[in-house]
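One file, data14.tsv, is given below (TSV, C-alpha atoms and all ligand atoms).
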chain	number	residue	atom	x	y	z
N	175	MET	CA	-4.21	1.25	-35.46
N	176	SER	CA	-6.59	3.60	-33.66
N	177	GLN	CA	-5.86	6.26	-31.07
N	178	SER	CA	-6.48	3.71	-28.33
N	179	ARG	CA	-3.20	2.20	-29.54
N	180	THR	CA	-0.06	3.84	-28.26
N	181	VAL	CA	3.39	3.45	-29.76
N	182	THR	CA	6.52	4.50	-27.91
N	183	LEU	CA	9.02	5.85	-30.42
N	184	ALA	CA	12.65	6.51	-29.51
N	185	PHE	CA	15.27	8.24	-31.63
N	186	THR	CA	18.91	7.52	-30.75
N	187	GLY	CA	22.13	8.84	-32.25
N	188	ALA	CA	22.60	6.44	-35.16
N	189	SER	CA	22.56	7.38	-38.79
N	190	GLY	CA	19.07	6.96	-40.26
N	191	MET	CA	17.25	9.82	-38.53
N	192	PRO	CA	15.01	10.45	-41.60
N	193	TYR	CA	13.48	7.01	-40.99
N	194	GLY	CA	12.64	7.89	-37.40
N	195	VAL	CA	11.15	11.28	-38.20
N	196	ARG	CA	9.13	9.86	-41.11
N	197	LEU	CA	7.85	7.03	-38.91
N	198	LEU	CA	6.72	9.61	-36.35
N	199	GLU	CA	4.86	11.46	-39.10
N	200	CYS	CA	3.19	8.25	-40.40
N	201	LEU	CA	2.10	7.19	-36.92
N	202	LEU	CA	0.63	10.62	-36.16
N	203	GLN	CA	-1.10	10.82	-39.55
N	204	SER	CA	-2.72	7.45	-38.85
N	205	GLY	CA	-4.19	8.75	-35.58
N	206	THR	CA	-1.95	6.61	-33.38
N	207	ARG	CA	-1.01	8.03	-29.97
N	208	VAL	CA	2.75	8.41	-29.73
N	209	TYR	CA	5.07	8.67	-26.75
N	210	LEU	CA	8.33	10.15	-28.05
N	211	VAL	CA	11.72	10.21	-26.34
N	212	TYR	CA	15.12	10.86	-27.85
N	213	SER	CA	18.75	10.83	-26.78
N	214	GLN	CA	21.23	13.70	-26.78
N	215	ALA	CA	23.17	12.00	-29.58
N	216	ALA	CA	19.95	11.87	-31.62
N	217	GLN	CA	19.89	15.67	-31.52
N	218	ILE	CA	23.40	15.79	-32.98
N	219	VAL	CA	22.61	13.30	-35.74
N	220	ALA	CA	19.31	15.04	-36.61
N	221	ARG	CA	21.22	18.27	-37.13
N	222	GLN	CA	23.91	16.51	-39.17
N	223	GLU	CA	21.61	14.43	-41.38
N	224	MET	CA	18.48	16.57	-41.69
N	225	ASP	CA	19.52	20.04	-40.64
N	226	LEU	CA	16.84	19.55	-37.98
N	227	SER	CA	17.25	21.11	-34.53
N	228	LEU	CA	15.49	18.80	-32.08
N	229	PRO	CA	14.74	20.87	-28.95
N	230	GLY	CA	16.61	19.86	-25.81
N	231	ARG	CA	13.58	20.19	-23.52
N	232	ALA	CA	10.65	17.78	-23.82
N	233	LYS	CA	8.09	20.60	-23.53
N	234	ASP	CA	9.66	22.49	-26.44
N	235	ALA	CA	9.93	19.26	-28.46
N	236	GLN	CA	6.23	18.65	-27.92
N	237	SER	CA	5.27	22.09	-29.37
N	238	PHE	CA	7.82	21.67	-32.17
N	239	PHE	CA	6.36	18.36	-33.42
N	240	GLU	CA	2.73	19.34	-32.78
N	241	GLU	CA	3.24	22.30	-35.06
N	242	ARG	CA	5.33	20.43	-37.64
N	243	PHE	CA	2.86	17.54	-38.00
N	244	SER	CA	-0.42	19.29	-37.03
N	245	THR	CA	-1.25	16.64	-34.43
N	246	GLN	CA	-4.61	16.16	-32.74
N	247	ALA	CA	-4.87	17.22	-29.08
N	248	ASP	CA	-3.13	14.81	-26.68
N	249	GLN	CA	-1.97	12.62	-29.56
N	250	LEU	CA	1.71	13.17	-28.90
N	251	GLN	CA	3.56	13.19	-25.60
N	252	VAL	CA	7.28	13.88	-25.51
N	253	PHE	CA	9.31	12.78	-22.48
N	254	GLY	CA	12.76	13.69	-21.26
N	255	ARG	CA	15.43	11.01	-20.90
N	256	GLU	CA	15.15	11.00	-17.10
N	257	GLU	CA	11.40	11.37	-16.73
N	258	TRP	CA	10.99	8.32	-14.56
N	259	PHE	CA	7.31	8.99	-13.90
N	260	ALA	CA	6.46	8.77	-17.61
N	261	PRO	CA	3.94	5.97	-18.31
N	262	VAL	CA	6.49	4.16	-20.49
N	263	ALA	CA	8.74	3.66	-17.46
N	264	SER	CA	6.26	1.34	-15.80
N	265	GLY	CA	4.89	-2.09	-16.57
N	266	SER	CA	1.48	-1.04	-15.20
N	267	ASN	CA	0.55	0.89	-18.32
N	268	PRO	CA	2.75	-0.32	-21.20
N	269	ALA	CA	2.40	1.01	-24.76
N	270	THR	CA	1.00	-1.27	-27.45
N	271	ALA	CA	4.43	-1.41	-29.11
N	272	MET	CA	7.79	0.35	-29.05
N	273	VAL	CA	10.17	1.19	-31.90
N	274	ILE	CA	13.73	2.47	-31.48
N	275	CYS	CA	14.49	4.06	-34.86
N	276	PRO	CA	17.29	4.65	-35.55
N	277	CYS	CA	18.95	2.54	-32.84
N	278	THR	CA	22.62	2.90	-31.94
N	279	MET	CA	24.74	-0.08	-31.05
N	280	GLY	CA	25.21	1.59	-27.65
N	281	THR	CA	21.49	1.69	-26.86
N	282	LEU	CA	21.06	-1.80	-28.33
N	283	ALA	CA	23.80	-3.10	-26.03
N	284	SER	CA	22.24	-1.41	-23.00
N	285	VAL	CA	18.82	-2.89	-23.77
N	286	ALA	CA	20.39	-6.32	-24.34
N	287	GLY	CA	22.15	-5.94	-20.98
N	288	GLY	CA	18.97	-4.79	-19.20
N	289	LEU	CA	20.63	-1.58	-17.94
N	290	SER	CA	17.56	0.71	-17.91
N	291	ASP	CA	19.86	3.67	-17.33
N	292	ASN	CA	17.64	6.20	-19.13
N	293	LEU	CA	13.99	6.33	-20.20
N	294	ILE	CA	14.62	4.79	-23.63
N	295	GLU	CA	16.39	1.78	-22.11
N	296	ARG	CA	13.82	1.45	-19.32
N	297	ALA	CA	10.86	1.66	-21.74
N	298	ALA	CA	12.45	-1.05	-23.91
N	299	ASP	CA	13.10	-3.18	-20.83
N	300	VAL	CA	9.44	-2.82	-19.85
N	301	MET	CA	8.32	-4.00	-23.30
N	302	LEU	CA	10.49	-7.11	-23.02
N	303	LYS	CA	9.42	-7.98	-19.50
N	304	GLU	CA	5.75	-7.40	-20.35
N	305	ARG	CA	6.12	-9.48	-23.55
N	306	ARG	CA	5.08	-6.52	-25.71
N	307	PRO	CA	6.36	-5.84	-29.25
N	308	LEU	CA	9.74	-4.13	-29.36
N	309	ILE	CA	11.27	-3.26	-32.75
N	310	LEU	CA	14.86	-2.02	-33.01
N	311	VAL	CA	16.13	-0.42	-36.22
N	312	PRO	CA	19.91	-0.60	-35.74
N	313	ARG	CA	22.38	0.91	-38.14
N	314	GLU	CA	26.07	0.11	-38.10
N	315	THR	CA	28.60	-1.35	-40.49
N	316	PRO	CA	30.62	-3.48	-40.29
N	317	LEU	CA	29.08	-5.38	-37.39
N	318	SER	CA	31.36	-6.72	-34.66
N	319	ALA	CA	30.80	-10.03	-32.89
N	320	ILE	CA	29.61	-8.00	-29.88
N	321	HIS	CA	26.97	-6.20	-31.97
N	322	MET	CA	25.74	-9.50	-33.40
N	323	GLU	CA	25.68	-11.24	-30.02
N	324	ASN	CA	23.64	-8.37	-28.58
N	325	MET	CA	21.19	-8.54	-31.48
N	326	LEU	CA	20.86	-12.32	-31.08
N	327	ARG	CA	20.25	-11.88	-27.36
N	328	LEU	CA	17.49	-9.35	-28.01
N	329	SER	CA	15.94	-11.46	-30.74
N	330	ARG	CA	15.84	-14.43	-28.36
N	331	ALA	CA	14.19	-12.19	-25.75
N	332	GLY	CA	11.40	-11.43	-28.23
N	333	ALA	CA	12.53	-8.19	-29.89
N	334	VAL	CA	12.37	-7.68	-33.67
N	335	ILE	CA	15.69	-6.60	-35.20
N	336	LEU	CA	14.91	-4.60	-38.34
N	337	PRO	CA	18.21	-3.16	-39.62
N	338	ALA	CA	18.19	0.04	-41.62
N	339	ASN	CA	19.83	-1.54	-44.64
N	340	PRO	CA	17.26	-1.35	-47.41
N	341	ALA	CA	17.91	-3.09	-50.71
N	342	PHE	CA	18.70	-0.83	-53.64
N	343	ILE	CA	15.22	-1.50	-55.04
N	344	ILE	CA	13.46	-0.32	-51.87
N	345	THR	CA	12.24	3.24	-51.30
N	346	LEU	CA	11.77	5.12	-48.03
N	347	THR	CA	8.00	4.68	-48.46
N	348	ALA	CA	8.44	0.92	-48.87
N	349	LEU	CA	10.54	0.78	-45.70
N	350	MET	CA	7.81	2.67	-43.84
N	351	HIS	CA	5.23	0.14	-45.13
N	352	TRP	CA	7.51	-2.61	-43.88
N	353	LEU	CA	7.85	-1.03	-40.43
N	354	ILE	CA	4.14	-0.32	-40.19
N	355	SER	CA	3.22	-3.85	-41.25
N	356	SER	CA	5.50	-5.10	-38.46
N	357	LEU	CA	3.52	-2.94	-36.02
N	358	ARG	CA	0.24	-4.11	-37.57
N	359	ALA	CA	1.20	-7.71	-37.00
N	360	PHE	CA	0.96	-6.95	-33.29
N	361	SER	CA	-2.27	-5.01	-33.55
N	362	THR	CA	-5.76	-6.40	-33.79
N	363	ASN	CA	-7.36	-3.13	-34.87
N	364	SER	CA	-4.94	-1.41	-37.24
N	365	ARG	CA	-7.03	-0.50	-40.28
N	366	SER	CA	-6.29	3.23	-40.22
N	367	LEU	CA	-2.48	2.91	-40.21
N	368	THR	CA	-1.07	3.96	-43.59
N	369	ALA	CA	2.41	4.95	-44.79
X	1	LIG	C1	26.98	11.92	-37.01
X	1	LIG	C2	27.02	10.70	-36.14
X	1	LIG	C3	26.62	9.48	-36.68
X	1	LIG	C4	26.63	8.32	-35.90
X	1	LIG	N1	26.21	7.16	-36.46
X	1	LIG	C5	26.12	6.05	-35.70
X	1	LIG	C6	25.58	4.85	-36.25
X	1	LIG	O1	25.18	4.79	-37.41
X	1	LIG	N2	25.46	3.77	-35.43
X	1	LIG	C7	25.84	3.81	-34.13
X	1	LIG	O2	25.68	2.78	-33.44
X	1	LIG	N3	26.39	4.92	-33.58
X	1	LIG	C8	26.52	6.05	-34.33
X	1	LIG	N4	27.04	7.21	-33.79
X	1	LIG	C9	27.58	7.17	-32.43
X	1	LIG	C10	26.50	7.36	-31.35
X	1	LIG	O3	25.79	8.56	-31.56
X	1	LIG	C11	27.18	7.35	-29.97
X	1	LIG	O4	27.66	6.05	-29.69
X	1	LIG	C12	26.23	7.82	-28.87
X	1	LIG	O5	26.91	7.76	-27.62
X	1	LIG	C13	25.00	6.96	-28.80
X	1	LIG	O6	24.17	7.42	-27.75
X	1	LIG	P1	22.63	7.02	-27.69
X	1	LIG	O7	22.54	5.55	-27.91
X	1	LIG	O8	22.22	7.42	-26.32
X	1	LIG	O9	21.92	7.82	-28.74
X	1	LIG	C14	27.05	8.38	-34.55
X	1	LIG	C15	27.45	9.61	-34.00
X	1	LIG	C16	27.41	10.76	-34.79
X	1	LIG	C17	27.82	12.07	-34.17
For the structure just supplied, provide its representation as structure tokens.
Ligand SMILES: Cc1cc2nc3c(=O)[nH]c(=O)nc-3n(C[C@H](O)[C@H](O)[C@H](O)COP(=O)(O)O)c2cc1C
Amino acid sequence: MSQSRTVTLAFTGASGMPYGVRLLECLLQSGTRVYLVYSQAAQIVARQEMDLSLPGRAKDAQSFFEERFSTQADQLQVFGREEWFAPVASGSNPATAMVICPCTMGTLASVAGGLSDNLIERAADVMLKERRPLILVPRETPLSAIHMENMLRLSRAGAVILPANPAFIITLTALMHWLISSLRAFSTNSRSLTA
């Protein structure tokens, strides 16, 4: 995946934040352009699971990740949850693919219901309506009938449901390969994407 490819990555407040942060790192290392947006609950979970303080303001988050992952200029753009003029909010200029990792059952339900009440939900809605790849990495257990119905609804609408429930034989690196190969499947020019 070259820098002409853009992936929208959203972190929400489900357990599994190390997957999301590692995916961001892999995408940036591969030279992919990334649009990043995260929820308030994601900030709480990042602190809880990784002792990581995600800045509350998009501008600060941009500097934080640029420094942490030594990104190339203009490779990463971070948006606030209500930045309705962000490119991801519009079908005119959709990203190549979008991943919500980790994905809460709340955000999953909102996307399944087409609510578009914040930028994450709107960006996901745009991917579905534009028939672009949308991958959700939900994490919850046990699953209620409502959770499963929402996942089925999204799957039928074209989304990929990729739960964060690796087998005991799988490593974090293997899961990243799995995620990246899912993204590759949608990309025609993805040779430089490595985990
Ligand atoms: C430490 C912590 C862990 C959580 N883990 C999960 C989880 O694994 N799955 C989930 O669906 N919600 C989880 N939640 C609840 C969500 O964060 C909560 O429903 C929140 O409103 C989701 O908002 P968001 O979808 O905008 O991020 C967790 C909350 C906290 C504080």
Shell of 9 Å around ligand LIG 1 (chain X) (only C-alpha atoms and all ligand atoms), written as a PyMOL selection string: chain N and resi 185-190+212-223+276-284+292+294+312-315
For region 237-252 of chain N: contacts at 7 Å, all atoms listed in the file, fewer than 3 positions along chain excluded, given as a PyMOL selection string: chain N and resi 199+202+207-211+232-234
Using all atoms of region 273-281 of chain N listed in the file and a margin of 5 Å per side, can you give the axis-aligned box centre and edge lengths in Å to one decimal, as AutoDock Vina command-line options?
--center_x 17.7 --center_y 2.3 --center_z -31.2 --size_x 25.0 --size_y 14.7 --size_z 18.7
Contacts of Leu201 (chain N) at 12 Å (only C-alpha atoms; same-chain gap of 3+ positions) as a count of residues only: 40
Using all atoms listed in the file: which of N:Asp225, N:Arg255, N:Ser329, N:Pro316 has the shortest distance to Glu295 (chain N): N:Arg255
Residue with smallest distance to Glu256 (chain N) - pool N:Ser318, N:Gln236, N:Asn339, N:Ser290, counting all atoms listed in the file: N:Ser290
Straight-line distance linking CA of Leu293 (chain N) with CA of Ala319 (chain N), stated in Å to one decimal: 26.7 Å
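For the pair CA of Gly254 (chain N) and CA of Leu346 (chain N), the separation is 28.1 Å.
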Pairwise distance for CA of Cys275 (chain N) and CA of Phe259 (chain N), rounded to one decimal in Å: 22.7 Å
Contacts of Ala333 (chain N) at 10 Å or less, counting all atoms listed in the file, minus same-chain residues fewer than 5 places along, as a CSV table (one decimal) with C-alpha atoms, in the coordinates of the input?
chain,number,residue,atom,x,y,z
N,272,MET,CA,7.8,0.4,-29.0
N,273,VAL,CA,10.2,1.2,-31.9
N,286,ALA,CA,20.4,-6.3,-24.3
N,298,ALA,CA,12.4,-1.0,-23.9
N,301,MET,CA,8.3,-4.0,-23.3
N,302,LEU,CA,10.5,-7.1,-23.0
N,305,ARG,CA,6.1,-9.5,-23.6
N,306,ARG,CA,5.1,-6.5,-25.7
N,307,PRO,CA,6.4,-5.8,-29.2
N,308,LEU,CA,9.7,-4.1,-29.4
N,309,ILE,CA,11.3,-3.3,-32.8
N,310,LEU,CA,14.9,-2.0,-33.0
N,325,MET,CA,21.2,-8.5,-31.5
N,326,LEU,CA,20.9,-12.3,-31.1
N,327,ARG,CA,20.2,-11.9,-27.4
N,328,LEU,CA,17.5,-9.4,-28.0
May I ask you to restore N, CA and C atoms in region 307-333 of chain N and write the result as an mmCIF file, in the frame of the given file?
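In the end it all went to result.cif:
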data_model
loop_
_atom_site.group_PDB
_atom_site.id
_atom_site.type_symbol
_atom_site.label_atom_id
_atom_site.label_comp_id
_atom_site.auth_asym_id
_atom_site.auth_seq_id
_atom_site.Cartn_x
_atom_site.Cartn_y
_atom_site.Cartn_z
ATOM 1 N N PRO N 307 5.503 -5.983 -28.070
ATOM 2 C CA PRO N 307 6.360 -5.840 -29.250
ATOM 3 C C PRO N 307 7.403 -4.730 -29.102
ATOM 4 N N LEU N 308 8.630 -5.084 -29.380
ATOM 5 C CA LEU N 308 9.740 -4.130 -29.360
ATOM 6 C C LEU N 308 10.508 -4.296 -30.676
ATOM 7 N N ILE N 309 10.574 -3.218 -31.463
ATOM 8 C CA ILE N 309 11.270 -3.260 -32.750
ATOM 9 C C ILE N 309 12.471 -2.321 -32.669
ATOM 10 N N LEU N 310 13.648 -2.855 -32.984
ATOM 11 C CA LEU N 310 14.860 -2.020 -33.010
ATOM 12 C C LEU N 310 15.318 -1.907 -34.457
ATOM 13 N N VAL N 311 15.640 -0.671 -34.856
ATOM 14 C CA VAL N 311 16.130 -0.420 -36.220
ATOM 15 C C VAL N 311 17.589 0.013 -36.101
ATOM 16 N N PRO N 312 18.499 -0.964 -35.925
ATOM 17 C CA PRO N 312 19.910 -0.600 -35.740
ATOM 18 C C PRO N 312 20.566 -0.242 -37.053
ATOM 19 N N ARG N 313 21.618 0.557 -36.938
ATOM 20 C CA ARG N 313 22.380 0.910 -38.140
ATOM 21 C C ARG N 313 23.855 0.994 -37.746
ATOM 22 N N GLU N 314 24.616 0.088 -38.280
ATOM 23 C CA GLU N 314 26.070 0.110 -38.100
ATOM 24 C C GLU N 314 26.680 -0.785 -39.165
ATOM 25 N N THR N 315 27.896 -0.465 -39.583
ATOM 26 C CA THR N 315 28.600 -1.350 -40.490
ATOM 27 C C THR N 315 30.096 -1.065 -40.407
ATOM 28 N N PRO N 316 30.988 -2.066 -40.393
ATOM 29 C CA PRO N 316 30.620 -3.480 -40.290
ATOM 30 C C PRO N 316 30.155 -3.803 -38.879
ATOM 31 N N LEU N 317 29.554 -4.963 -38.713
ATOM 32 C CA LEU N 317 29.080 -5.380 -37.390
ATOM 33 C C LEU N 317 30.150 -6.213 -36.702
ATOM 34 N N SER N 318 30.403 -5.908 -35.432
ATOM 35 C CA SER N 318 31.360 -6.720 -34.660
ATOM 36 C C SER N 318 30.628 -7.925 -34.077
ATOM 37 N N ALA N 319 31.406 -8.863 -33.546
ATOM 38 C CA ALA N 319 30.800 -10.030 -32.890
ATOM 39 C C ALA N 319 29.951 -9.583 -31.708
ATOM 40 N N ILE N 320 30.376 -8.509 -31.028
ATOM 41 C CA ILE N 320 29.610 -8.000 -29.880
ATOM 42 C C ILE N 320 28.248 -7.481 -30.341
ATOM 43 N N HIS N 321 28.252 -6.702 -31.437
ATOM 44 C CA HIS N 321 26.970 -6.200 -31.970
ATOM 45 C C HIS N 321 26.038 -7.375 -32.282
ATOM 46 N N MET N 322 26.590 -8.371 -32.952
ATOM 47 C CA MET N 322 25.740 -9.500 -33.400
ATOM 48 C C MET N 322 25.251 -10.326 -32.217
ATOM 49 N N GLU N 323 26.116 -10.497 -31.215
ATOM 50 C CA GLU N 323 25.680 -11.240 -30.020
ATOM 51 C C GLU N 323 24.553 -10.497 -29.296
ATOM 52 N N ASN N 324 24.688 -9.160 -29.233
ATOM 53 C CA ASN N 324 23.640 -8.370 -28.580
ATOM 54 C C ASN N 324 22.320 -8.473 -29.340
ATOM 55 N N MET N 325 22.410 -8.437 -30.672
ATOM 56 C CA MET N 325 21.190 -8.540 -31.480
ATOM 57 C C MET N 325 20.547 -9.915 -31.302
ATOM 58 N N LEU N 326 21.376 -10.949 -31.269
ATOM 59 C CA LEU N 326 20.860 -12.320 -31.080
ATOM 60 C C LEU N 326 20.171 -12.429 -29.706
ATOM 61 N N ARG N 327 20.813 -11.835 -28.713
ATOM 62 C CA ARG N 327 20.250 -11.880 -27.360
ATOM 63 C C ARG N 327 18.866 -11.224 -27.329
ATOM 64 N N LEU N 328 18.770 -10.061 -27.987
ATOM 65 C CA LEU N 328 17.490 -9.350 -28.010
ATOM 66 C C LEU N 328 16.441 -10.118 -28.801
ATOM 67 N N SER N 329 16.870 -10.691 -29.918
ATOM 68 C CA SER N 329 15.940 -11.460 -30.740
ATOM 69 C C SER N 329 15.395 -12.642 -29.927
ATOM 70 N N ARG N 330 16.275 -13.294 -29.191
ATOM 71 C CA ARG N 330 15.840 -14.430 -28.360
ATOM 72 C C ARG N 330 14.905 -13.992 -27.238
ATOM 73 N N ALA N 331 15.059 -12.715 -26.816
ATOM 74 C CA ALA N 331 14.190 -12.190 -25.750
ATOM 75 C C ALA N 331 12.852 -11.715 -26.305
ATOM 76 N N GLY N 332 12.692 -11.774 -27.639
ATOM 77 C CA GLY N 332 11.400 -11.430 -28.230
ATOM 78 C C GLY N 332 11.384 -10.164 -29.056
ATOM 79 N N ALA N 333 12.500 -9.434 -29.109
ATOM 80 C CA ALA N 333 12.530 -8.190 -29.890
ATOM 81 C C ALA N 333 12.646 -8.516 -31.387
#
